[in-house]
file model03.txt (compact mmCIF, C-alpha atoms and all ligand atoms)
# COMPACT_ATOMS: atom_id res chain seq x y z
CA MET W 1 87.21 -106.89 47.10
CA ARG W 2 84.19 -107.36 49.39
CA ALA W 3 84.23 -105.72 52.82
CA VAL W 4 81.96 -104.85 55.76
CA VAL W 5 81.38 -101.09 55.56
CA TYR W 6 79.78 -98.90 58.24
CA GLN W 7 76.78 -96.97 56.86
CA GLU W 8 75.08 -95.28 59.82
CA PRO W 9 74.09 -96.25 63.36
CA TYR W 10 72.78 -99.84 63.43
CA ASP W 11 73.63 -100.44 59.78
CA VAL W 12 76.60 -102.09 58.07
CA ALA W 13 76.64 -103.36 54.48
CA VAL W 14 78.90 -105.69 52.50
CA GLU W 15 80.23 -103.70 49.56
CA ASP W 16 82.97 -103.64 46.93
CA VAL W 17 85.91 -101.49 48.08
CA GLU W 18 89.38 -100.85 46.66
CA ASP W 19 91.70 -103.86 47.09
CA ALA W 20 94.14 -103.87 50.00
CA ARG W 21 97.69 -103.32 48.68
CA ILE W 22 101.27 -102.85 49.80
CA GLU W 23 101.73 -99.14 50.65
CA ASP W 24 105.02 -99.19 52.60
CA PRO W 25 108.03 -101.51 52.11
CA THR W 26 107.41 -103.05 55.56
CA ASP W 27 103.78 -104.07 54.76
CA VAL W 28 102.34 -107.42 53.89
CA VAL W 29 98.87 -108.15 52.50
CA ILE W 30 97.03 -111.17 53.87
CA LYS W 31 94.10 -113.12 52.50
CA VAL W 32 91.77 -113.03 55.49
CA THR W 33 90.52 -116.42 56.70
CA THR W 34 88.84 -115.22 59.91
CA SER W 35 87.85 -111.78 61.22
CA ALA W 36 85.75 -111.67 64.38
CA ILE W 37 83.08 -109.22 65.49
CA CYS W 38 83.96 -107.64 68.84
CA GLY W 39 82.01 -105.84 71.57
CA SER W 40 84.27 -102.89 70.73
CA ASP W 41 82.83 -102.77 67.19
CA LEU W 42 79.41 -102.22 68.75
CA HIS W 43 80.49 -98.83 70.15
CA MET W 44 80.85 -97.64 66.55
CA TYR W 45 77.85 -99.65 65.31
CA GLU W 46 75.56 -98.02 67.88
CA GLY W 47 76.68 -94.53 66.84
CA ARG W 48 78.43 -93.80 70.13
CA THR W 49 81.75 -92.74 68.62
CA GLY W 50 80.99 -90.30 65.83
CA ALA W 51 82.48 -92.81 63.33
CA GLU W 52 82.10 -91.57 59.74
CA PRO W 53 80.30 -93.78 57.21
CA GLY W 54 82.74 -95.74 55.03
CA ILE W 55 84.92 -97.30 57.74
CA VAL W 56 85.74 -100.96 57.04
CA PHE W 57 85.35 -102.75 60.39
CA GLY W 58 87.44 -105.63 61.75
CA HIS W 59 90.34 -105.58 64.20
CA GLU W 60 90.45 -109.29 65.11
CA ASN W 61 92.14 -110.72 62.04
CA MET W 62 93.98 -113.80 60.83
CA GLY W 63 94.85 -115.16 57.44
CA VAL W 64 97.50 -116.30 54.99
CA VAL W 65 100.18 -113.96 53.65
CA GLN W 66 99.49 -113.14 50.01
CA GLU W 67 102.20 -110.60 49.20
CA THR W 68 105.18 -109.10 51.05
CA GLY W 69 106.76 -105.64 50.72
CA PRO W 70 110.48 -105.40 49.79
CA GLY W 71 111.42 -104.42 53.38
CA VAL W 72 109.89 -107.48 55.03
CA ALA W 73 112.50 -109.97 56.26
CA GLY W 74 110.89 -112.69 58.36
CA ILE W 75 107.44 -113.25 56.87
CA ARG W 76 106.88 -115.14 53.61
CA GLU W 77 104.06 -115.63 51.16
CA GLY W 78 101.93 -118.54 52.37
CA ASP W 79 102.64 -118.02 56.09
CA ARG W 80 99.57 -118.40 58.29
CA VAL W 81 99.45 -115.48 60.72
CA VAL W 82 97.28 -113.79 63.34
CA LEU W 83 97.52 -110.03 63.91
CA PRO W 84 97.24 -108.22 67.24
CA PHE W 85 94.38 -105.72 67.03
CA ASN W 86 97.00 -103.11 67.98
CA VAL W 87 98.93 -101.73 65.02
CA ALA W 88 102.39 -101.03 66.47
CA CYS W 89 105.78 -100.01 65.09
CA GLY W 90 108.06 -102.03 67.37
CA PHE W 91 110.68 -99.29 67.78
CA CYS W 92 109.09 -96.39 69.70
CA ARG W 93 109.61 -95.94 73.41
CA ASN W 94 106.31 -97.60 74.37
CA CYS W 95 106.72 -100.55 71.99
CA LEU W 96 110.27 -101.15 73.25
CA ALA W 97 108.84 -101.36 76.78
CA GLY W 98 106.24 -103.91 75.64
CA ASN W 99 103.36 -101.43 75.67
CA THR W 100 102.35 -102.02 72.07
CA GLY W 101 98.79 -100.89 72.77
CA PHE W 102 100.18 -97.39 73.16
CA CYS W 103 102.52 -97.16 70.16
CA LEU W 104 103.69 -93.59 69.68
CA THR W 105 104.47 -93.91 65.95
CA VAL W 106 101.33 -95.19 64.29
CA ASN W 107 98.73 -92.72 65.46
CA LYS W 108 100.18 -89.43 66.58
CA GLY W 109 98.22 -87.57 69.25
CA PHE W 110 96.33 -90.64 70.39
CA ALA W 111 97.39 -93.64 72.40
CA GLY W 112 97.86 -96.59 70.06
CA GLY W 113 96.57 -97.77 66.70
CA ALA W 114 94.13 -100.45 65.56
CA TYR W 115 92.61 -101.84 62.36
CA GLY W 116 89.16 -100.59 61.40
CA TYR W 117 88.63 -98.38 64.40
CA VAL W 118 87.58 -94.74 64.59
CA SER W 119 90.27 -92.49 66.10
CA MET W 120 92.85 -95.30 66.14
CA GLY W 121 94.62 -94.43 62.91
CA PRO W 122 94.09 -94.80 59.17
CA TYR W 123 94.23 -98.61 59.11
CA ARG W 124 91.43 -100.37 57.31
CA GLY W 125 89.74 -103.32 59.04
CA GLY W 126 89.93 -106.98 58.12
CA GLN W 127 86.24 -107.85 57.72
CA ALA W 128 87.14 -108.04 54.07
CA GLU W 129 88.80 -110.43 51.64
CA TYR W 130 92.27 -108.90 52.08
CA LEU W 131 94.04 -106.79 54.70
CA ARG W 132 97.13 -104.58 54.62
CA VAL W 133 99.36 -105.23 57.66
CA PRO W 134 101.85 -102.44 58.49
CA PHE W 135 105.22 -103.17 60.20
CA ALA W 136 104.56 -106.78 59.29
CA ASP W 137 107.71 -108.35 60.79
CA PHE W 138 106.69 -106.96 64.17
CA ASN W 139 102.93 -107.44 63.99
CA CYS W 140 102.51 -110.90 62.43
CA LEU W 141 102.44 -113.86 64.79
CA LYS W 142 103.17 -117.03 62.83
CA LEU W 143 100.92 -120.05 63.28
CA PRO W 144 101.36 -123.68 62.29
CA PRO W 145 100.26 -124.17 58.65
CA GLY W 146 96.91 -125.76 57.84
CA ASP W 147 93.59 -125.00 59.43
CA GLU W 148 93.87 -126.64 62.84
CA HIS W 149 92.75 -124.56 65.86
CA GLU W 150 91.35 -121.81 63.58
CA ASP W 151 88.81 -120.69 66.24
CA ASP W 152 91.33 -120.76 69.09
CA PHE W 153 94.05 -118.94 67.12
CA ALA W 154 91.60 -116.29 65.82
CA LEU W 155 90.99 -115.24 69.43
CA LEU W 156 94.70 -114.40 69.80
CA ALA W 157 94.04 -111.17 67.86
CA ASP W 158 92.19 -109.63 70.77
CA ILE W 159 89.96 -111.24 73.36
CA PHE W 160 92.20 -114.03 74.70
CA PRO W 161 95.20 -111.70 75.25
CA THR W 162 92.81 -108.96 76.45
CA GLY W 163 91.30 -111.30 79.02
CA TYR W 164 94.81 -112.31 80.03
CA HIS W 165 95.84 -108.64 80.19
CA ALA W 166 93.02 -108.03 82.67
CA THR W 167 94.49 -110.70 84.96
CA GLU W 168 97.94 -109.17 84.51
CA LEU W 169 96.62 -105.70 85.40
CA ALA W 170 95.04 -107.18 88.54
CA ARG W 171 98.18 -109.32 89.18
CA VAL W 172 96.15 -112.50 89.68
CA SER W 173 98.28 -115.08 91.52
CA PRO W 174 97.84 -118.80 92.23
CA GLY W 175 95.27 -119.54 94.92
CA GLU W 176 93.55 -116.16 94.75
CA THR W 177 89.86 -115.47 94.39
CA VAL W 178 88.74 -113.25 91.52
CA CYS W 179 85.48 -111.63 90.45
CA VAL W 180 84.93 -110.74 86.81
CA PHE W 181 82.14 -108.32 85.88
CA GLY W 182 80.80 -109.08 82.40
CA ALA W 183 80.40 -112.53 80.83
CA GLY W 184 80.80 -111.26 77.30
CA PRO W 185 83.63 -112.76 75.26
CA VAL W 186 86.19 -110.56 77.06
CA GLY W 187 84.92 -111.37 80.55
CA LEU W 188 84.82 -115.08 79.75
CA MET W 189 88.42 -114.90 78.50
CA ALA W 190 89.43 -113.03 81.67
CA ALA W 191 87.82 -115.73 83.83
CA TYR W 192 89.51 -118.44 81.75
CA SER W 193 92.87 -116.65 82.06
CA ALA W 194 92.45 -116.29 85.82
CA GLN W 195 92.02 -120.05 85.96
CA LEU W 196 95.10 -120.59 83.79
CA ARG W 197 97.01 -118.47 86.33
CA GLY W 198 95.85 -120.73 89.15
CA ALA W 199 93.01 -118.74 90.75
CA SER W 200 91.21 -120.87 93.34
CA ARG W 201 87.72 -119.46 92.71
CA VAL W 202 86.43 -117.20 89.97
CA PHE W 203 83.05 -115.44 90.11
CA VAL W 204 81.54 -114.15 86.86
CA VAL W 205 78.79 -111.51 86.97
CA ASP W 206 76.23 -110.94 84.20
CA ARG W 207 72.51 -111.38 83.77
CA GLN W 208 72.45 -113.16 80.43
CA PRO W 209 71.62 -116.81 81.17
CA ASP W 210 73.46 -118.17 78.09
CA ARG W 211 76.67 -116.33 79.00
CA LEU W 212 76.45 -117.29 82.67
CA ARG W 213 76.05 -120.92 81.57
CA LEU W 214 79.33 -120.68 79.62
CA ALA W 215 81.04 -119.27 82.73
CA GLU W 216 79.75 -122.23 84.70
CA ARG W 217 80.93 -124.63 82.00
CA ILE W 218 84.55 -123.57 82.54
CA GLY W 219 84.21 -123.99 86.31
CA ALA W 220 83.51 -120.39 87.36
CA VAL W 221 80.74 -119.42 89.81
CA PRO W 222 77.97 -117.56 87.94
CA VAL W 223 76.50 -114.47 89.66
CA ASP W 224 73.26 -113.09 88.19
CA PHE W 225 73.06 -109.37 88.93
CA GLY W 226 69.39 -109.44 87.89
CA GLN W 227 68.73 -111.47 91.05
CA GLY W 228 70.23 -108.99 93.51
CA ASP W 229 73.28 -106.83 94.20
CA ALA W 230 76.30 -108.63 92.70
CA ALA W 231 78.84 -107.40 95.25
CA GLU W 232 76.62 -108.62 98.09
CA GLN W 233 76.25 -112.03 96.44
CA ILE W 234 80.04 -112.28 96.07
CA LYS W 235 80.72 -111.18 99.64
CA GLU W 236 78.24 -113.75 100.95
CA GLN W 237 80.25 -116.46 99.21
CA THR W 238 83.66 -115.22 100.43
CA GLY W 239 83.06 -115.07 104.17
CA GLY W 240 81.96 -111.42 103.94
CA GLU W 241 85.41 -110.25 102.75
CA GLY W 242 85.09 -110.06 99.00
CA THR W 243 87.53 -111.45 96.45
CA ASP W 244 91.29 -110.81 96.32
CA LYS W 245 91.13 -109.35 92.83
CA GLY W 246 88.47 -107.86 90.53
CA ILE W 247 88.11 -107.36 86.79
CA ASP W 248 85.91 -104.94 84.84
CA ALA W 249 85.06 -106.47 81.45
CA VAL W 250 81.98 -104.29 80.91
CA GLY W 251 83.07 -100.65 80.71
CA TYR W 252 80.98 -97.51 80.32
CA GLN W 253 78.06 -99.30 78.69
CA ALA W 254 77.05 -101.14 81.85
CA THR W 255 73.34 -101.67 82.25
CA ALA W 256 71.69 -101.09 85.63
CA ARG W 257 69.39 -103.46 87.46
CA GLU W 258 65.72 -102.63 87.16
CA GLY W 259 64.78 -99.69 89.37
CA GLU W 260 68.39 -98.57 89.85
CA GLU W 261 69.77 -95.17 88.94
CA GLN W 262 71.30 -94.85 85.43
CA PRO W 263 73.99 -95.34 84.38
CA ALA W 264 75.30 -98.29 86.36
CA ILE W 265 78.99 -98.04 87.19
CA VAL W 266 80.72 -101.35 87.37
CA LEU W 267 83.80 -99.80 88.98
CA ASN W 268 81.78 -98.91 92.08
CA ALA W 269 80.44 -102.45 92.29
CA LEU W 270 84.01 -103.78 92.01
CA VAL W 271 85.14 -101.53 94.86
CA GLU W 272 82.45 -103.19 96.98
CA ALA W 273 83.16 -106.73 95.80
CA VAL W 274 86.96 -106.76 96.32
CA ARG W 275 88.56 -107.07 99.77
CA PRO W 276 90.57 -104.19 101.29
CA THR W 277 94.02 -103.79 99.61
CA GLY W 278 92.89 -105.84 96.61
CA MET W 279 93.53 -104.86 93.03
CA LEU W 280 91.29 -104.06 90.06
CA GLY W 281 92.10 -104.71 86.39
CA VAL W 282 89.96 -102.65 84.00
CA VAL W 283 89.75 -103.69 80.35
CA GLY W 284 86.11 -102.73 79.74
CA LEU W 285 86.22 -99.59 77.66
CA TYR W 286 85.70 -96.08 79.04
CA VAL W 287 85.50 -93.24 76.54
CA PRO W 288 86.19 -89.52 76.87
CA GLU W 289 82.89 -88.79 75.08
CA ASP W 290 79.75 -90.85 74.47
CA PRO W 291 77.43 -88.94 72.11
CA GLY W 292 74.83 -91.72 72.52
CA GLY W 293 74.95 -91.67 76.33
CA PRO W 294 71.71 -91.58 78.35
CA SER W 295 72.48 -88.39 80.32
CA GLU W 296 74.38 -85.14 79.89
CA HIS W 297 77.16 -86.49 82.10
CA ALA W 298 77.35 -89.77 80.23
CA GLN W 299 77.56 -87.85 76.94
CA LYS W 300 80.61 -86.02 78.26
CA GLY W 301 82.06 -89.35 79.34
CA GLU W 302 81.76 -88.38 83.01
CA LEU W 303 80.83 -91.17 85.38
CA LEU W 304 80.55 -90.94 89.13
CA PHE W 305 83.40 -93.04 90.52
CA ARG W 306 83.19 -93.13 94.31
CA ILE W 307 86.85 -92.65 95.07
CA GLY W 308 86.29 -92.32 98.84
CA LYS W 309 85.49 -96.01 99.28
CA PHE W 310 88.30 -96.92 96.90
CA PHE W 311 90.77 -94.96 99.05
CA GLU W 312 89.34 -96.23 102.33
CA LYS W 313 89.89 -99.83 101.23
CA GLY W 314 93.43 -99.13 100.00
CA LEU W 315 92.62 -100.59 96.61
CA ARG W 316 94.77 -100.33 93.48
CA MET W 317 93.57 -100.13 89.91
CA ALA W 318 95.18 -100.54 86.47
CA THR W 319 93.48 -99.86 83.14
CA GLY W 320 93.84 -99.72 79.40
CA GLN W 321 94.04 -101.31 75.99
CA ALA W 322 95.64 -104.73 75.98
CA ASN W 323 99.23 -104.99 74.78
CA VAL W 324 98.36 -108.08 72.75
CA LYS W 325 101.92 -108.76 71.65
CA ALA W 326 103.06 -109.12 75.26
CA TYR W 327 101.09 -112.37 75.56
CA ASN W 328 100.06 -113.71 72.15
CA ARG W 329 103.09 -115.96 71.55
CA GLN W 330 102.80 -117.57 74.97
CA LEU W 331 99.04 -118.06 74.62
CA ARG W 332 99.53 -119.51 71.10
CA ASP W 333 101.93 -122.05 72.54
CA LEU W 334 99.47 -123.03 75.28
CA ILE W 335 96.91 -123.70 72.51
CA ILE W 336 99.43 -125.76 70.51
CA ALA W 337 100.33 -127.73 73.64
CA GLY W 338 96.64 -128.49 74.27
CA ARG W 339 96.66 -126.53 77.54
CA ALA W 340 94.21 -123.80 76.43
CA GLU W 341 91.07 -123.93 74.26
CA PRO W 342 89.64 -120.41 74.23
CA GLY W 343 87.46 -121.32 71.22
CA PHE W 344 84.71 -122.43 73.62
CA VAL W 345 83.28 -118.88 73.35
CA VAL W 346 82.79 -119.07 69.58
CA SER W 347 79.10 -119.43 68.74
CA HIS W 348 78.94 -118.64 65.01
CA ARG W 349 81.14 -118.99 61.91
CA LEU W 350 79.52 -117.09 59.04
CA PRO W 351 80.33 -115.92 55.53
CA LEU W 352 81.16 -112.21 55.15
CA GLU W 353 77.86 -111.58 53.36
CA ASP W 354 75.99 -112.46 56.58
CA ALA W 355 77.67 -109.62 58.51
CA PRO W 356 74.69 -107.17 58.55
CA ASP W 357 72.43 -109.74 60.20
CA ALA W 358 75.21 -110.96 62.52
CA TYR W 359 75.89 -107.40 63.73
CA ARG W 360 72.19 -106.91 64.47
CA ARG W 361 71.88 -110.09 66.48
CA PHE W 362 75.18 -109.76 68.35
CA ASP W 363 74.29 -106.15 69.21
CA ARG W 364 70.94 -107.27 70.64
CA ARG W 365 72.86 -109.96 72.55
CA GLU W 366 70.42 -112.53 71.25
CA ASP W 367 70.43 -115.83 73.09
CA GLY W 368 73.49 -117.87 72.11
CA TRP W 369 75.23 -115.11 70.08
CA THR W 370 78.44 -114.99 72.11
CA LYS W 371 81.22 -114.63 69.55
CA VAL W 372 80.87 -114.38 65.78
CA LEU W 373 83.70 -115.27 63.39
CA LEU W 374 83.33 -113.93 59.86
CA LYS W 375 84.86 -116.11 57.14
CA PRO W 376 85.62 -114.14 53.97
CA GLY W 377 85.88 -116.31 50.90
CA ARG W 378 83.53 -118.92 52.23
P1 LIG W 401 79.97 -107.48 75.37
O1 LIG W 401 79.20 -106.22 75.27
O2 LIG W 401 79.58 -108.65 74.54
O3 LIG W 401 79.99 -107.97 76.91
C1 LIG W 401 79.67 -107.15 77.97
C2 LIG W 401 78.84 -107.99 78.96
O4 LIG W 401 78.63 -107.21 80.14
C3 LIG W 401 77.45 -108.37 78.43
O5 LIG W 401 77.30 -109.78 78.48
C4 LIG W 401 76.49 -107.64 79.37
O6 LIG W 401 75.30 -108.36 79.62
C5 LIG W 401 77.34 -107.50 80.63
N1 LIG W 401 76.93 -106.42 81.53
C6 LIG W 401 76.28 -105.25 81.24
N2 LIG W 401 76.09 -104.52 82.35
C7 LIG W 401 76.62 -105.22 83.37
C8 LIG W 401 76.72 -104.97 84.77
N3 LIG W 401 76.22 -103.86 85.33
N4 LIG W 401 77.35 -105.92 85.53
C9 LIG W 401 77.84 -107.05 84.98
N5 LIG W 401 77.76 -107.35 83.65
C10 LIG W 401 77.17 -106.43 82.87
O7 LIG W 401 81.45 -107.06 75.05
P2 LIG W 401 82.88 -107.82 75.04
O8 LIG W 401 83.24 -108.12 73.64
O9 LIG W 401 82.93 -108.92 76.02
O10 LIG W 401 83.78 -106.59 75.52
C11 LIG W 401 83.66 -106.09 76.86
C12 LIG W 401 84.33 -104.74 76.98
O11 LIG W 401 85.73 -104.87 76.75
C13 LIG W 401 83.84 -103.70 75.97
O12 LIG W 401 83.78 -102.45 76.61
C14 LIG W 401 84.94 -103.70 74.93
O13 LIG W 401 85.00 -102.48 74.23
C15 LIG W 401 86.13 -103.88 75.82
N6 LIG W 401 87.36 -104.35 75.15
C16 LIG W 401 88.53 -103.84 75.61
C17 LIG W 401 89.74 -104.26 75.08
C18 LIG W 401 91.03 -103.73 75.61
O14 LIG W 401 92.06 -103.89 74.98
N7 LIG W 401 91.04 -103.12 76.80
C19 LIG W 401 89.74 -105.19 74.04
C20 LIG W 401 88.53 -105.73 73.60
C21 LIG W 401 87.34 -105.30 74.17
ZN ZN W 402 88.07 -106.68 69.74

call {"tool": "encode", "arguments": {"input": "model03.txt", "output": "structure tokens"}}
result
Amino acid sequence: MRAVVYQEPYDVAVEDVEDARIEDPTDVVIKVTTSAICGSDLHMYEGRTGAEPGIVFGHENMGVVQETGPGVAGIREGDRVVLPFNVACGFCRNCLAGNTGFCLTVNKGFAGGAYGYVSMGPYRGGQAEYLRVPFADFNCLKLPPGDEHEDDFALLADIFPTGYHATELARVSPGETVCVFGAGPVGLMAAYSAQLRGASRVFVVDRQPDRLRLAERIGAVPVDFGQGDAAEQIKEQTGGEGTDKGIDAVGYQATAREGEEQPAIVLNALVEAVRPTGMLGVVGLYVPEDPGGPSEHAQKGELLFRIGKFFEKGLRMATGQANVKAYNRQLRDLIIAGRAEPGFVVSHRLPLEDAPDAYRRFDRREDGWTKVLLKPGR
């Protein structure tokens, strides 16, 4: 089968690889209809993770069940399903508590598993014609048959639940004000989720005009950090207090404004932008090591978080991988009911063979390249 295979930094190729097959009785194999490219794939693509050549990328997967293992009870051939990017067992202590992003079974010694991701277990990615899905009864979320809402449903694998998770980590409540740093797909989904939860005003910080325009389109207030300190701009618009809640959808790869010290640390900006006793939800990725980092400290994954101000303001913070399964059914049903259309972030739907060019352009954040869906078999 054809698959997107990592070659070396800034290079992926579409190659023939061994077919996906049932390996355990609880597996299914799906024929992939959509697999999206994620900002998280770019960490590997840019050579920041020490990923070995040969990894098949793709953790945002949906498709139609092709074959089921003998131990699968609730999923049948022909079912249309979307898979959380987390591979989870469903029976370990963390899964039982709903923390499926931190499954203790699938990837011993590391918190949680994922498809096609370095250090997150042996699971091959879905930017391919077929995908093996472990613990299928637990991991498959069934979708209505047909091809309706394909874009919206595809985003249930990661970024819509991840954006929602950010608002859950920050405990966004009706009537609150929220600032979201990062207008990438994850930040836009966090802003959209904050609105679904009844936030009164949502500020979205970035400096990419096309992404800020999308934020504005869903009714958020765009804040261009290229035009001046973002926290100051937000405070000016909230009576000097800052917002009730704040979300980091950027992570360790934040870029600084021109003339500012490197690397920029979004967490420090959030501490400034959120009012005393507010709460921060952090879904932007921070890594223990960043071999491609700009400084010795960055390479060791050490960033200067100014905890003094954080303490002084009595802020709280929650972090981590999204537990996609905690929200994906509810978010699916909002889509079915016509109450959510996360697909507004999708900019491109491309055949698998176009992946090398799509990775290049998405990595450069070319104008209008917000979210790319790869369509194997098209
Ligand atoms: P992305 O790279 O497309 O978006 C990041 C955005 O942040 C870009 O638009 C960029 O211009 C902007 N940005 C850079 N520096 C900034 C700064 N100083 N202030 C404000 N904005 C700034 O990536 P994405 O797909 O939206 O993902 C965002 C982050 O979320 C990544 O770190 C990704 O790995 C992570 N992620 C986490 C989870 C999870 O489960 N926690 C899941 C998916 C993605
Ligand atoms: Zn992702």

call {"tool": "closest_residue", "arguments": {"input": "model03.txt", "among": "W:Asn86, W:Ser119, W:Gln66, W:Thr33", "to": "ligand ZN 402 (chain W)", "atoms": "all atoms listed in the file"}}
result
W:Asn86

call {"tool": "closest_residue", "arguments": {"input": "model03.txt", "among": "W:Glu272, W:Asp41, W:Glu296, W:Glu150", "to": "ligand LIG 401 (chain W)", "atoms": "all atoms listed in the file"}}
result
W:Asp41

call {"tool": "closest_residue", "arguments": {"input": "model03.txt", "among": "W:Val250, W:Leu156, W:Cys38, W:Ala183", "to": "W:Leu83", "atoms": "all atoms listed in the file"}}
result
W:Leu156

call {"tool": "residues_near_ligand", "arguments": {"input": "model03.txt", "ligand": "ligand ZN 402 (chain W)", "cutoff": "6 Å", "atoms": "only C-alpha atoms and all ligand atoms", "output": "ChimeraX atom specification"}}
result
/W:38,40,60,158

call {"tool": "write_last_selection", "arguments": {"input": "model03.txt", "atoms": "C-alpha atoms", "output": "CSV table (one decimal), keeping the file's coordinate frame"}}
result
chain,number,residue,atom,x,y,z
W,38,CYS,CA,84.0,-107.6,68.8
W,40,SER,CA,84.3,-102.9,70.7
W,60,GLU,CA,90.4,-109.3,65.1
W,158,ASP,CA,92.2,-109.6,70.8

call {"tool": "closest_residue", "arguments": {"input": "model03.txt", "among": "W:Gln127, W:Gln7, W:Thr162, W:Thr49", "to": "ligand LIG 401 (chain W)", "atoms": "all atoms listed in the file"}}
result
W:Thr162
